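For reference, target-v7.cif (mmCIF, C-alpha atoms):
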data_work
#
loop_
_atom_site.group_PDB
_atom_site.id
_atom_site.type_symbol
_atom_site.label_atom_id
_atom_site.label_comp_id
_atom_site.auth_asym_id
_atom_site.auth_seq_id
_atom_site.Cartn_x
_atom_site.Cartn_y
_atom_site.Cartn_z
ATOM 1 C CA LYS A 585 0.000 0.000 0.000
ATOM 2 C CA ARG A 586 2.748 2.471 0.911
ATOM 3 C CA HIS A 587 4.568 1.997 -2.400
ATOM 4 C CA HIS A 588 1.262 2.287 -4.248
ATOM 5 C CA ASP A 589 0.422 5.559 -2.471
ATOM 6 C CA VAL A 590 3.842 7.052 -3.248
ATOM 7 C CA LYS A 591 3.509 6.063 -6.871
ATOM 8 C CA HIS A 592 -0.022 7.366 -7.378
ATOM 9 C CA HIS A 593 -0.611 10.146 -4.849
ATOM 10 C CA THR A 594 2.627 12.158 -4.837
ATOM 11 C CA ARG A 595 4.695 14.007 -7.399
ATOM 12 C CA TRP A 596 7.117 11.086 -7.831
ATOM 13 C CA ARG A 597 7.314 9.907 -11.438
ATOM 14 C CA VAL A 598 8.469 6.583 -12.841
ATOM 15 C CA ARG A 599 9.539 5.602 -16.367
ATOM 16 C CA GLN A 600 10.230 2.140 -17.653
ATOM 17 C CA LEU A 601 13.166 1.816 -20.048
ATOM 18 C CA ALA A 602 14.057 -1.006 -22.397
ATOM 19 C CA GLY A 603 14.567 -4.291 -20.591
ATOM 20 C CA GLY A 604 12.191 -3.295 -17.798
ATOM 21 C CA LEU A 605 14.599 -0.917 -16.029
ATOM 22 C CA LEU A 606 12.726 1.567 -13.801
ATOM 23 C CA VAL A 607 13.858 5.173 -13.412
ATOM 24 C CA TRP A 608 12.217 7.160 -10.591
ATOM 25 C CA THR A 609 12.243 10.967 -10.427
ATOM 26 C CA SER A 610 11.575 12.637 -7.069
ATOM 27 C CA PRO A 611 9.467 15.792 -6.674
ATOM 28 C CA THR A 612 12.746 17.754 -6.431
ATOM 29 C CA GLY A 613 14.039 16.328 -9.729
ATOM 30 C CA ARG A 614 16.540 13.815 -8.349
ATOM 31 C CA VAL A 615 16.725 10.654 -10.460
ATOM 32 C CA TYR A 616 16.986 7.153 -8.964
ATOM 33 C CA ARG A 617 17.745 4.138 -11.159
ATOM 34 C CA GLU A 618 17.065 0.641 -9.896
ATOM 35 C CA ASP A 619 20.341 -0.543 -11.473
ATOM 36 C CA ALA A 620 22.449 1.983 -9.535
ATOM 37 C CA PRO A 621 25.534 0.493 -7.891
ATOM 38 C CA PRO A 622 25.273 -0.200 -4.143
ATOM 39 C CA PRO A 623 26.726 2.460 -1.829
ATOM 40 C CA VAL A 624 30.423 2.171 -1.045
ATOM 41 C CA VAL A 625 29.774 2.368 2.721
ATOM 42 C CA ALA A 626 27.161 0.194 4.414
ATOM 43 C CA PHE A 627 26.342 0.067 8.112
ATOM 44 C CA THR A 628 25.534 -3.270 9.732
ATOM 45 C CA VAL A 629 24.648 -4.502 13.198
ATOM 46 C CA ALA A 630 27.632 -5.832 15.112
ATOM 47 C CA GLY A 631 27.473 -9.332 16.506
ATOM 48 C CA PRO A 632 26.984 -12.870 15.283
ATOM 49 C CA SER A 633 24.817 -13.289 12.242
ATOM 50 C CA GLY A 634 21.239 -14.309 13.004
ATOM 51 C CA ALA A 635 21.625 -14.022 16.772
ATOM 52 C CA ALA A 636 18.786 -12.491 18.781
ATOM 53 C CA PRO A 637 19.636 -9.344 20.776
ATOM 54 C CA PRO A 638 20.567 -10.152 24.397
ATOM 55 C CA ASP A 639 17.330 -8.760 25.858
ATOM 56 C CA GLU A 640 15.088 -10.825 23.537
ATOM 57 C CA SER A 641 14.505 -14.473 24.210
ATOM 58 C CA PRO A 642 13.207 -16.908 21.583
ATOM 59 C CA PRO A 643 9.401 -17.339 21.522
ATOM 60 C CA PHE A 644 9.592 -20.998 22.654
#
With the file now loaded, output its structure as structure tokens.
Amino acid sequence: KRHHDVKHHTRWRVRQLAGGLLVWTSPTGRVYREDAPPPVVAFTVAGPSGAAPPDESPPF
């Protein structure tokens, strides 16, 4: 629903290029391509992968 609302009820615009590539343009004119490279810096949560935070116990 949220994506649908942004697409239809705001000034965001989307174009589909050859091969199905989507190009979004924000209300301020900034262009976002779905094939853009990932950011060089990414933040992650420290700790073992898949482990629950210490103050959460499993639901069983």
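Running the PyMOL selection byres ((chain A and resi 595) around 8) on this file leaves A:His593, A:Thr594, A:Trp596, A:Arg597, A:Ser610, A:Pro611 selected.
Across the model, the gap from atom CA of Arg599 of chain A to atom CA of Val624 of chain A is 26.1 Å.
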Where's the centre, and what are the edge lengths in Å to one decimal, of a box along x, y and z enclosing all listed atoms of segment 595-604 of chain A padded 6 Å per side, as AutoDock Vina command-line options?
--center_x 9.6 --center_y 4.9 --center_z -14.9 --size_x 21.9 --size_y 30.3 --size_z 27.0
Residue IDs satisfying the PyMOL selection byres ((chain A and resi 607) around 9), as a count of residues only: 14
